[in-house]
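Source file: upload.txt (compact mmCIF, C-alpha atoms)
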# COMPACT_ATOMS: atom_id res chain seq x y z
CA MET A 23 24.59 127.22 45.71
CA ALA A 24 25.01 123.53 44.98
CA ARG A 25 26.18 120.84 47.32
CA VAL A 26 28.53 118.05 46.37
CA VAL A 27 28.94 115.09 48.72
CA VAL A 28 32.09 113.01 48.91
CA ASP A 29 31.72 109.69 50.71
CA VAL A 30 34.97 108.05 51.82
CA MET A 31 35.03 104.40 52.89
CA LEU A 32 37.83 102.04 53.83
CA LYS A 33 38.42 99.60 50.98
CA PRO A 34 36.56 96.30 51.43
CA GLU A 35 39.78 94.36 52.07
CA ILE A 36 40.95 96.77 54.80
CA LEU A 37 40.13 95.83 58.38
CA ASP A 38 37.75 98.32 60.04
CA PRO A 39 38.16 97.88 63.80
CA GLN A 40 35.82 100.81 64.56
CA GLY A 41 33.04 99.35 62.43
CA GLN A 42 33.58 95.98 64.10
CA ALA A 43 33.30 97.54 67.56
CA VAL A 44 30.01 99.20 66.56
CA GLN A 45 28.69 95.92 65.16
CA ARG A 46 29.59 94.04 68.35
CA ALA A 47 27.79 96.61 70.50
CA LEU A 48 24.48 96.31 68.60
CA PRO A 49 23.07 93.04 70.05
CA ARG A 50 23.84 94.26 73.57
CA LEU A 51 21.70 97.33 72.85
CA GLY A 52 18.85 95.22 71.52
CA PHE A 53 19.50 95.78 67.79
CA GLN A 54 19.49 92.35 66.18
CA GLY A 55 20.19 91.15 62.69
CA ILE A 56 23.16 93.34 61.67
CA SER A 57 25.95 91.09 60.49
CA ASP A 58 28.52 93.74 59.50
CA VAL A 59 29.18 97.46 59.99
CA ARG A 60 31.67 99.56 58.03
CA GLN A 61 32.33 103.11 59.19
CA GLY A 62 33.24 105.91 56.78
CA LYS A 63 33.42 109.67 56.36
CA ARG A 64 31.03 112.02 54.58
CA PHE A 65 32.15 115.44 53.31
CA GLU A 66 29.51 118.01 52.31
CA LEU A 67 30.99 120.62 50.01
CA GLU A 68 29.11 123.87 49.30
CA VAL A 69 30.25 124.88 45.83
CA ASP A 70 30.38 128.49 44.63
CA GLY A 71 29.15 128.71 41.06
CA PRO A 72 27.94 125.98 38.75
CA VAL A 73 28.77 122.33 39.33
CA ASP A 74 29.96 121.67 35.80
CA ASP A 75 32.42 119.09 34.52
CA ALA A 76 35.38 121.31 35.37
CA ALA A 77 34.20 121.81 38.96
CA LEU A 78 33.56 118.09 39.37
CA ALA A 79 36.99 117.29 37.98
CA ARG A 80 38.56 119.56 40.61
CA ILE A 81 36.50 117.94 43.37
CA HIS A 82 37.55 114.53 42.13
CA GLU A 83 41.18 115.62 42.28
CA MET A 84 40.60 117.04 45.79
CA ALA A 85 39.11 113.74 46.95
CA GLU A 86 41.89 111.69 45.43
CA THR A 87 44.79 113.75 46.80
CA PHE A 88 43.42 114.92 50.13
CA LEU A 89 39.99 113.80 51.37
CA ALA A 90 40.76 110.11 50.84
CA ASN A 91 43.98 108.16 51.20
CA THR A 92 43.59 105.89 48.19
CA VAL A 93 46.06 103.40 49.65
CA ILE A 94 43.34 102.36 52.10
CA GLU A 95 40.17 104.22 51.09
CA ASP A 96 37.71 104.48 48.17
CA PHE A 97 35.58 107.55 47.51
CA VAL A 98 32.36 108.44 45.67
CA VAL A 99 31.44 111.95 44.48
CA LYS A 100 27.72 112.79 44.31
CA VAL A 101 25.97 116.02 43.30
CA GLU A 102 22.93 116.85 45.44
CA GLU A 103 19.83 118.47 43.97
CA GLU A 104 19.73 122.24 44.30
CA LYS A 105 17.32 123.40 46.91
CA MET B 12 82.29 120.47 62.25
CA THR B 13 79.32 118.43 63.24
CA ALA B 14 76.14 117.67 61.34
CA ARG B 15 73.03 119.83 61.53
CA ILE B 16 69.85 117.82 62.03
CA GLY B 17 66.51 119.59 61.60
CA VAL B 18 63.54 118.75 63.81
CA VAL B 19 60.16 119.84 62.45
CA THR B 20 57.46 121.29 64.69
CA PHE B 21 53.88 121.16 63.39
CA PRO B 22 50.94 122.50 65.42
CA GLY B 23 50.24 119.52 67.68
CA THR B 24 53.73 118.02 67.61
CA LEU B 25 54.68 116.68 71.06
CA ASP B 26 58.13 115.12 70.84
CA ASP B 27 60.15 117.84 69.12
CA ARG B 28 62.01 118.80 72.31
CA ASP B 29 62.92 115.19 73.14
CA THR B 30 64.04 114.68 69.55
CA GLN B 31 66.22 117.80 69.65
CA ARG B 32 67.76 116.52 72.86
CA ALA B 33 68.41 113.09 71.36
CA VAL B 34 70.16 114.77 68.42
CA ARG B 35 72.38 116.70 70.83
CA VAL B 36 73.09 113.65 73.00
CA ALA B 37 74.31 111.91 69.85
CA GLY B 38 76.69 114.80 69.22
CA ALA B 39 74.94 116.66 66.40
CA GLU B 40 73.47 120.14 66.29
CA ALA B 41 69.66 120.26 66.55
CA VAL B 42 67.99 122.84 64.31
CA PRO B 43 64.31 123.62 65.00
CA LEU B 44 62.23 123.81 61.80
CA TRP B 45 58.77 125.40 61.64
CA HIS B 46 55.91 123.90 59.61
CA LYS B 47 55.08 127.20 57.87
CA ASP B 48 58.67 127.75 56.80
CA LYS B 49 59.88 126.26 53.52
CA ASP B 50 63.46 127.08 54.51
CA LEU B 51 65.28 124.00 55.82
CA LYS B 52 68.16 126.18 57.10
CA GLN B 53 70.71 124.06 55.27
CA VAL B 54 70.31 121.06 57.56
CA ASP B 55 71.95 117.75 56.62
CA ALA B 56 69.03 115.58 57.78
CA VAL B 57 65.46 115.99 59.06
CA VAL B 58 63.45 114.26 61.77
CA LEU B 59 59.65 114.41 61.78
CA PRO B 60 58.79 113.79 65.44
CA GLY B 61 55.74 112.28 67.09
CA GLY B 62 52.57 113.92 68.32
CA PHE B 63 49.19 114.80 66.85
CA SER B 64 49.94 117.30 64.11
CA TYR B 65 46.84 119.30 63.16
CA GLY B 66 44.97 117.26 65.78
CA ASP B 67 45.12 114.20 63.50
CA TYR B 68 42.15 115.79 61.71
CA LEU B 69 41.03 113.98 58.56
CA ARG B 70 43.72 111.28 59.00
CA ALA B 71 46.92 111.23 61.03
CA GLY B 72 49.53 113.12 59.00
CA ALA B 73 47.12 114.04 56.19
CA ILE B 74 47.17 117.80 56.67
CA SER B 75 50.84 118.10 57.69
CA ARG B 76 51.74 116.53 54.40
CA PHE B 77 50.69 119.73 52.61
CA SER B 78 52.54 122.13 54.93
CA PRO B 79 55.20 124.41 53.39
CA VAL B 80 58.06 122.69 55.24
CA MET B 81 57.06 119.31 53.81
CA GLU B 82 57.38 120.61 50.24
CA SER B 83 61.09 121.12 50.93
CA VAL B 84 61.44 117.90 52.94
CA ILE B 85 59.89 115.83 50.12
CA GLU B 86 62.14 117.49 47.54
CA GLN B 87 65.29 116.93 49.62
CA ALA B 88 64.31 113.38 50.60
CA LYS B 89 64.02 112.49 46.92
CA ALA B 90 67.49 113.97 46.41
CA GLY B 91 68.90 111.65 49.10
CA MET B 92 68.78 113.65 52.34
CA PRO B 93 68.25 111.39 55.37
CA VAL B 94 64.72 111.75 56.80
CA LEU B 95 63.39 109.92 59.87
CA GLY B 96 59.69 109.85 60.72
CA ILE B 97 58.81 108.75 64.24
CA CYS B 98 55.19 107.81 65.07
CA ASN B 99 53.18 110.77 63.71
CA GLY B 100 56.23 111.47 61.53
CA PHE B 101 55.92 107.96 60.08
CA GLN B 102 52.25 108.66 59.38
CA VAL B 103 53.26 111.87 57.57
CA LEU B 104 55.79 109.93 55.46
CA THR B 105 53.18 107.40 54.35
CA GLU B 106 50.73 110.23 53.53
CA THR B 107 53.42 111.87 51.35
CA HIS B 108 54.02 108.48 49.69
CA LEU B 109 57.73 108.76 50.43
CA LEU B 110 57.06 105.43 52.15
CA PRO B 111 54.46 102.91 50.94
CA GLY B 112 51.42 101.71 52.87
CA ALA B 113 49.25 103.49 55.41
CA MET B 114 48.44 103.53 59.12
CA LEU B 115 45.10 102.41 60.56
CA ARG B 116 43.63 102.60 64.04
CA ASN B 117 45.07 99.91 66.34
CA ASN B 118 43.09 96.69 65.89
CA HIS B 119 42.02 96.75 69.59
CA LEU B 120 41.09 100.49 69.39
CA HIS B 121 43.08 101.38 72.51
CA PHE B 122 45.85 103.90 72.91
CA ILE B 123 48.95 102.05 74.05
CA CYS B 124 51.94 103.44 75.92
CA ARG B 125 54.61 101.00 76.94
CA GLU B 126 58.07 99.64 76.30
CA GLN B 127 58.21 97.53 73.14
CA LYS B 128 60.76 95.01 71.96
CA LEU B 129 61.81 95.28 68.32
CA ARG B 130 64.16 93.51 65.99
CA VAL B 131 66.28 95.72 63.75
CA GLU B 132 65.90 93.94 60.41
CA SER B 133 68.06 96.22 58.31
CA ASP B 134 71.36 97.91 59.15
CA ARG B 135 71.62 99.27 55.63
CA THR B 136 69.67 102.50 56.18
CA ALA B 137 71.01 105.94 57.08
CA TRP B 138 69.37 105.64 60.50
CA THR B 139 70.31 102.07 61.49
CA ALA B 140 73.95 101.61 60.48
CA ASP B 141 75.06 101.55 64.13
CA TYR B 142 72.91 98.46 64.79
CA THR B 143 73.47 94.99 63.42
CA ALA B 144 70.76 93.23 61.45
CA GLY B 145 68.88 90.94 63.82
CA GLN B 146 69.72 93.02 66.90
CA GLU B 147 66.95 93.25 69.50
CA ILE B 148 66.20 96.62 71.06
CA SER B 149 63.56 97.91 73.46
CA ILE B 150 62.10 101.43 73.16
CA PRO B 151 58.81 103.15 74.07
CA LEU B 152 55.70 102.80 71.92
CA LYS B 153 52.72 105.17 72.31
CA ASN B 154 49.98 105.61 69.74
CA ILE B 155 46.43 104.78 68.68
CA ASP B 156 46.88 104.82 64.89
CA GLY B 157 49.77 102.39 64.73
CA GLN B 158 48.47 99.54 62.62
CA TYR B 159 50.64 99.32 59.52
CA THR B 160 48.83 98.15 56.40
CA ALA B 161 49.66 97.73 52.72
CA ASP B 162 48.49 95.42 49.96
CA GLU B 163 50.09 91.98 49.64
CA ARG B 164 52.12 92.99 46.60
CA THR B 165 53.66 95.94 48.46
CA LEU B 166 54.37 93.78 51.53
CA ASP B 167 56.07 91.14 49.37
CA MET B 168 58.12 93.84 47.67
CA LEU B 169 59.21 95.31 51.02
CA GLU B 170 60.28 91.87 52.25
CA ALA B 171 62.07 90.95 49.01
CA GLU B 172 63.99 94.23 48.91
CA GLY B 173 64.94 94.08 52.60
CA ARG B 174 62.95 97.22 53.32
CA VAL B 175 61.23 96.05 56.50
CA ALA B 176 63.54 97.93 58.87
CA PHE B 177 61.96 96.95 62.23
CA ARG B 178 59.61 94.23 63.38
CA TYR B 179 57.67 93.92 66.64
CA LEU B 180 58.96 91.11 68.86
CA ASP B 181 57.11 88.93 71.40
CA THR B 182 53.75 90.54 70.75
CA ASN B 183 52.18 92.48 67.90
CA PRO B 184 50.82 95.55 69.70
CA ASN B 185 48.38 96.84 67.09
CA GLY B 186 47.66 94.33 64.31
CA SER B 187 50.37 95.64 61.96
CA LEU B 188 50.68 93.33 58.97
CA ARG B 189 53.69 90.99 59.15
CA ASP B 190 54.60 92.56 62.54
CA ILE B 191 56.02 95.59 60.73
CA ALA B 192 57.11 98.39 63.09
CA GLY B 193 59.07 100.43 60.55
CA ILE B 194 60.18 100.52 56.93
CA THR B 195 62.65 102.26 54.66
CA ASN B 196 62.55 103.60 51.12
CA GLU B 197 64.57 101.93 48.39
CA ALA B 198 67.60 104.21 48.83
CA GLY B 199 67.66 103.76 52.63
CA ASN B 200 67.68 107.48 53.39
CA VAL B 201 63.99 107.71 54.39
CA VAL B 202 62.97 105.62 57.40
CA GLY B 203 59.70 105.60 59.36
CA LEU B 204 58.68 103.70 62.48
CA MET B 205 55.95 103.87 65.12
CA PRO B 206 58.05 103.34 68.31
CA HIS B 207 60.09 106.21 69.79
CA PRO B 208 63.89 105.97 69.75
CA GLU B 209 64.19 109.58 70.96
CA HIS B 210 62.71 108.58 74.34
CA ALA B 211 65.46 106.01 74.92
CA VAL B 212 68.76 107.85 74.66
CA GLU B 213 69.73 108.39 78.30
CA PRO B 214 69.87 105.91 81.20
CA LEU B 215 68.19 108.31 83.63
CA VAL B 216 64.87 108.72 81.85
CA GLY B 217 62.42 106.75 79.74
CA THR B 218 63.07 103.04 79.60
CA GLY B 219 66.37 103.39 81.45
CA ARG B 220 68.07 102.06 78.36
CA THR B 221 69.81 103.84 75.53
CA ASP B 222 68.63 101.53 72.75
CA GLY B 223 67.32 104.44 70.68
CA LEU B 224 70.54 106.44 70.56
CA GLY B 225 71.84 104.40 67.62
CA PHE B 226 69.36 106.06 65.24
CA PHE B 227 70.96 109.43 65.82
CA THR B 228 74.59 108.26 65.96
CA SER B 229 74.02 106.28 62.74
CA VAL B 230 72.97 109.30 60.74
CA LEU B 231 75.65 111.48 62.32
CA LYS B 232 78.40 109.06 61.25
CA LYS B 233 76.99 108.89 57.76
CA LEU B 234 76.89 112.68 57.46
CA VAL B 235 80.29 113.34 58.99
CA ASN B 236 81.97 110.66 56.87
CA ALA B 237 80.21 111.84 53.72
Spell out the structure here as C-alpha cells.
Amino acid sequence: MARVVVDVMLKPEILDPQGQAVQRALPRLGFQGISDVRQGKRFELEVDGPVDDAALARIHEMAETFLANTVIEDFVVKVEEEK
Amino acid sequence: MTARIGVVTFPGTLDDRDTQRAVRVAGAEAVPLWHKDKDLKQVDAVVLPGGFSYGDYLRAGAISRFSPVMESVIEQAKAGMPVLGICNGFQVLTETHLLPGAMLRNNHLHFICREQKLRVESDRTAWTADYTAGQEISIPLKNIDGQYTADERTLDMLEAEGRVAFRYLDTNPNGSLRDIAGITNEAGNVVGLMPHPEHAVEPLVGTGRTDGLGFFTSVLKKLVNA
C-alpha cells in the first residue's frame, strides 16, 4: 500500500493568526531565532492499488475541491516511498 | 397563503430552532430541512443557520457543503431562490462558492459573543429590503472563525457592485477586511453574514431589540408579492 501526503498551507498573503501566536510564544519558552511561523495541515492518504497518474489526478482533484479551500490555501501532493 | 421558509439542520447546527422561531415571528411558515435529504419540500426560501456543522472539521462549512441538501440548495440558489446564511451558514455559502471569499480564524484567536453594531449597506437584496441603506442595527455576534477575507480584486468588485451588504460599526471584531460583516451575490437572492439576526426578533430575549426581524419580513414580502 502506498502513501500519498497532501500538505495544505494558507497562501503567503493570507494572515495566519495561529502561526503568529505560536511564533510569539517561542521566545518566552526559550526558543530564540524564529522570525516567522506558518501553520498548516498535513493529510496522509493510504492508497489502495498503484499510485499511477490516474490515481494522482484523482487525489489532486480531491485536494483542490475538498482538502484545501483554494481561495485561501495552497496544497502540495507528494508520494511517499513504499515501505 | 404565506411563504414557506426552510431551515436546514446539519449535525452540529445550533441555531435552527431560533431561526424557525424568527421565521414564524415574521409571519411565515418554518419548514425544517434535514442535511441528508435532497428534498427541499417546495419551500420558497432557505436559511442556513449558525452552529458548528460537522464539528467544523477540516474547515468551517467544508463538509456541509457536500451534504445532499446542499446539492438542492445550490441548484435552487442559482435559479434565484432566496438563501440566507448566518454565521456557520455564511461559511457554508463561501465554501460552496455561491458567495466569494472565505472565513479565517478571528485575528485575536478568541471566541467572541456580544452585541455588535452594523450598518446595512444594501437594501437591494431579498433579505434586506425592509431596511434602508445606511441604517444602523445592533444584533448578536458569536463566533471564532469570523474573519472575512478575499483578494483585493474581489473586494474591489464587491464594493463597486454594491455587494457589501453589512459592515461592522465602531469596532472591527475579528479583522475582517474592509469591516465586512456580510455580502450578497450579484442577483441579491443569496446573502451571508456572521452576526445573528435570528437572535434579535423579540423584545423579551436576546439584545432586547428587534433589529434582526427585518431579514425575515423582507424575504416574506418579496415572496408574497412575487
Sort by chain and increasing residue number a table of all residues of chain A within 12 Å of chain B, each with its closest pair of atoms and their distance in Å to one decimal, counting all atoms listed in the file, and write it as a tab-separated table.
residue	atom	partner	partner_atom	distance
A:Val30	CA	B:Leu69	CA	10.8
A:Leu32	CA	B:Leu115	CA	9.9
A:Lys33	CA	B:Asp162	CA	11.0
A:Glu35	CA	B:Asp162	CA	9.0
A:Ile36	CA	B:Thr160	CA	8.2
A:Leu37	CA	B:Asn118	CA	8.1
A:Asp38	CA	B:Asn118	CA	8.1
A:Pro39	CA	B:Asn118	CA	5.5
A:Gln40	CA	B:Leu120	CA	7.2
A:Gly41	CA	B:Leu120	CA	10.7
A:Gln42	CA	B:Asn118	CA	9.7
A:Ala43	CA	B:Leu120	CA	8.5
A:Val44	CA	B:Leu120	CA	11.5
A:Gly62	CA	B:Leu69	CA	11.4
A:Lys63	CA	B:Leu69	CA	9.0
A:Arg64	CA	B:Leu69	CA	10.9
A:Phe65	CA	B:Leu69	CA	10.4
A:Ala85	CA	B:Leu69	CA	11.8
A:Thr87	CA	B:Glu106	CA	9.6
A:Phe88	CA	B:Ala73	CA	7.2
A:Leu89	CA	B:Leu69	CA	7.3
A:Ala90	CA	B:Leu69	CA	8.6
A:Asn91	CA	B:Glu106	CA	7.4
A:Thr92	CA	B:Ala113	CA	9.5
A:Val93	CA	B:Gly112	CA	6.5
A:Ile94	CA	B:Ala113	CA	6.9
A:Glu95	CA	B:Ala113	CA	10.1
Report, as AutoDock Vina command-line options, the axis-aligned box around all atoms of range 78-94 of chain B present in the file, extended by 4 Å on each side; give centre and edge lengths in Å to one decimal place.
--center_x 60.7 --center_y 117.9 --center_z 51.6 --size_x 24.4 --size_y 21.0 --size_z 18.4
- Message: Considering only C-alpha atoms, can you say which of B:Asn183, B:Asn236, B:Thr221, B:Ser78 comes closest to Ile148 in chain B?
- Response: B:Thr221
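Going from CA of Glu213 in chain B to CA of Ala88 in chain B covers 28.7 Å.
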- How far is it from CA of Leu204 in chain B to CA of Arg60 in chain A, in Å with one decimal? 27.7 Å
- Task: Do a neighbour search on Glu102 in chain A at 12 Å with all atoms listed in the file, toss out local chain neighbours closer than 2 positions, and write the hits as number ranges by chain.
- Result: A: 23-28, 66-69, 73, 99-100, 104-105
- Message: Please report the interatomic distance between CA of Val212 in chain B and CA of Leu188 in chain B in Å with one decimal.
- Response: 28.0 Å
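Shortest separation to Glu83 in chain A among A:Ala47, A:Met31, A:Val98, A:Val59 occurs at residue A:Val98, atoms counted being all atoms listed in the file.
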- Message: Tell me which residues come within 12 Å of (63.7, 124.4, 50.1), as a VMD selection string, counting all atoms listed in the file in the file's coordinates.
- Response: chain B and resid 44 47 to 54 79 to 88 90
Convert the current residue selection to file output with C-alpha atoms, as a CSV table (one decimal), keeping the file's coordinate frame.
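To be explicit, this is the file written out as selection-v5.csv:
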chain,number,residue,atom,x,y,z
B,44,LEU,CA,62.2,123.8,61.8
B,47,LYS,CA,55.1,127.2,57.9
B,48,ASP,CA,58.7,127.8,56.8
B,49,LYS,CA,59.9,126.3,53.5
B,50,ASP,CA,63.5,127.1,54.5
B,51,LEU,CA,65.3,124.0,55.8
B,52,LYS,CA,68.2,126.2,57.1
B,53,GLN,CA,70.7,124.1,55.3
B,54,VAL,CA,70.3,121.1,57.6
B,79,PRO,CA,55.2,124.4,53.4
B,80,VAL,CA,58.1,122.7,55.2
B,81,MET,CA,57.1,119.3,53.8
B,82,GLU,CA,57.4,120.6,50.2
B,83,SER,CA,61.1,121.1,50.9
B,84,VAL,CA,61.4,117.9,52.9
B,85,ILE,CA,59.9,115.8,50.1
B,86,GLU,CA,62.1,117.5,47.5
B,87,GLN,CA,65.3,116.9,49.6
B,88,ALA,CA,64.3,113.4,50.6
B,90,ALA,CA,67.5,114.0,46.4
- Determine the nearest neighbour of Ser64 in chain B from the options B:Gly23, B:Gly38, B:Gly17, B:Gly96, counting all atoms listed in the file. B:Gly23
- Message: I'd like the contact shell of Ala37 in chain B - 7 Å cut-off, all atoms listed in the file, skipping same-chain residues fewer than 2 positions apart - returned as a PyMOL selection string.
- Response: chain B and resi 33-35+39+224+227-228
Those selected residues, please, written with C-alpha atoms and delivered as a PDB file, in the coordinates of the input.
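Okay, this is what ended up in again_18.pdb:
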ATOM      1  CA  ALA B  33      68.410 113.090  71.360  1.00  0.00           C
ATOM      2  CA  VAL B  34      70.160 114.770  68.420  1.00  0.00           C
ATOM      3  CA  ARG B  35      72.380 116.700  70.830  1.00  0.00           C
ATOM      4  CA  ALA B  39      74.940 116.660  66.400  1.00  0.00           C
ATOM      5  CA  LEU B 224      70.540 106.440  70.560  1.00  0.00           C
ATOM      6  CA  PHE B 227      70.960 109.430  65.820  1.00  0.00           C
ATOM      7  CA  THR B 228      74.590 108.260  65.960  1.00  0.00           C
TER       8      THR B 228
END
Please, can range 55-65 of chain A be completed to all heavy atoms and returned as a compact mmCIF listing (two decimals), in the frame of the given file?
# COMPACT_ATOMS: atom_id res chain seq x y z
N GLY A 55 20.25 91.39 64.13
CA GLY A 55 20.19 91.15 62.69
C GLY A 55 21.15 91.96 61.84
O GLY A 55 21.02 92.02 60.63
N ILE A 56 22.15 92.60 62.45
CA ILE A 56 23.16 93.34 61.67
C ILE A 56 24.44 92.52 61.68
O ILE A 56 25.07 92.36 62.72
CB ILE A 56 23.42 94.75 62.26
CG1 ILE A 56 22.11 95.54 62.41
CG2 ILE A 56 24.44 95.50 61.41
CD1 ILE A 56 21.40 95.84 61.11
N SER A 57 24.81 92.01 60.51
CA SER A 57 25.95 91.09 60.49
C SER A 57 27.28 91.80 60.26
O SER A 57 28.34 91.26 60.54
CB SER A 57 25.75 90.03 59.40
OG SER A 57 25.62 90.68 58.15
N ASP A 58 27.25 93.04 59.75
CA ASP A 58 28.52 93.74 59.50
C ASP A 58 28.28 95.24 59.50
O ASP A 58 27.22 95.71 59.07
CB ASP A 58 29.11 93.30 58.15
CG ASP A 58 30.55 93.79 57.98
OD1 ASP A 58 31.23 93.98 59.01
OD2 ASP A 58 30.98 93.99 56.83
N VAL A 59 29.24 96.00 60.02
CA VAL A 59 29.18 97.46 59.99
C VAL A 59 30.51 97.98 59.46
O VAL A 59 31.57 97.55 59.92
CB VAL A 59 28.92 98.05 61.40
CG1 VAL A 59 28.99 99.59 61.36
CG2 VAL A 59 27.57 97.61 61.95
N ARG A 60 30.47 98.87 58.51
CA ARG A 60 31.67 99.56 58.03
C ARG A 60 31.45 101.05 58.28
O ARG A 60 30.39 101.59 57.97
CB ARG A 60 31.89 99.34 56.53
CG ARG A 60 31.92 97.90 56.09
CD ARG A 60 33.25 97.23 56.32
NE ARG A 60 34.32 97.78 55.50
CZ ARG A 60 35.60 97.42 55.68
NH1 ARG A 60 35.93 96.57 56.65
NH2 ARG A 60 36.54 97.92 54.92
N GLN A 61 32.46 101.70 58.84
CA GLN A 61 32.33 103.11 59.19
C GLN A 61 33.13 103.95 58.20
O GLN A 61 34.25 103.60 57.85
CB GLN A 61 32.86 103.31 60.61
CG GLN A 61 32.79 104.73 61.11
CD GLN A 61 33.31 104.85 62.53
OE1 GLN A 61 33.02 104.04 63.39
NE2 GLN A 61 34.11 105.87 62.78
N GLY A 62 32.53 105.06 57.74
CA GLY A 62 33.24 105.91 56.78
C GLY A 62 33.10 107.38 57.12
O GLY A 62 32.67 107.74 58.21
N LYS A 63 33.49 108.22 56.17
CA LYS A 63 33.42 109.67 56.36
C LYS A 63 32.60 110.27 55.23
O LYS A 63 32.68 109.84 54.10
CB LYS A 63 34.82 110.30 56.29
CG LYS A 63 35.78 109.87 57.36
CD LYS A 63 37.04 110.72 57.29
CE LYS A 63 38.11 110.21 58.25
NZ LYS A 63 39.21 109.55 57.56
N ARG A 64 31.83 111.31 55.58
CA ARG A 64 31.03 112.02 54.58
C ARG A 64 31.43 113.49 54.60
O ARG A 64 31.44 114.14 55.65
CB ARG A 64 29.55 111.87 54.92
CG ARG A 64 28.60 112.71 54.10
CD ARG A 64 27.18 112.54 54.66
NE ARG A 64 26.29 113.55 54.13
CZ ARG A 64 25.43 113.34 53.13
NH1 ARG A 64 25.37 112.15 52.56
NH2 ARG A 64 24.64 114.30 52.71
N PHE A 65 31.79 114.03 53.44
CA PHE A 65 32.15 115.44 53.31
C PHE A 65 31.08 116.13 52.50
O PHE A 65 30.74 115.68 51.41
CB PHE A 65 33.51 115.59 52.60
CG PHE A 65 34.65 114.94 53.32
CD1 PHE A 65 34.96 113.60 53.10
CD2 PHE A 65 35.42 115.66 54.22
CE1 PHE A 65 36.03 112.99 53.77
CE2 PHE A 65 36.47 115.07 54.89
CZ PHE A 65 36.77 113.73 54.67
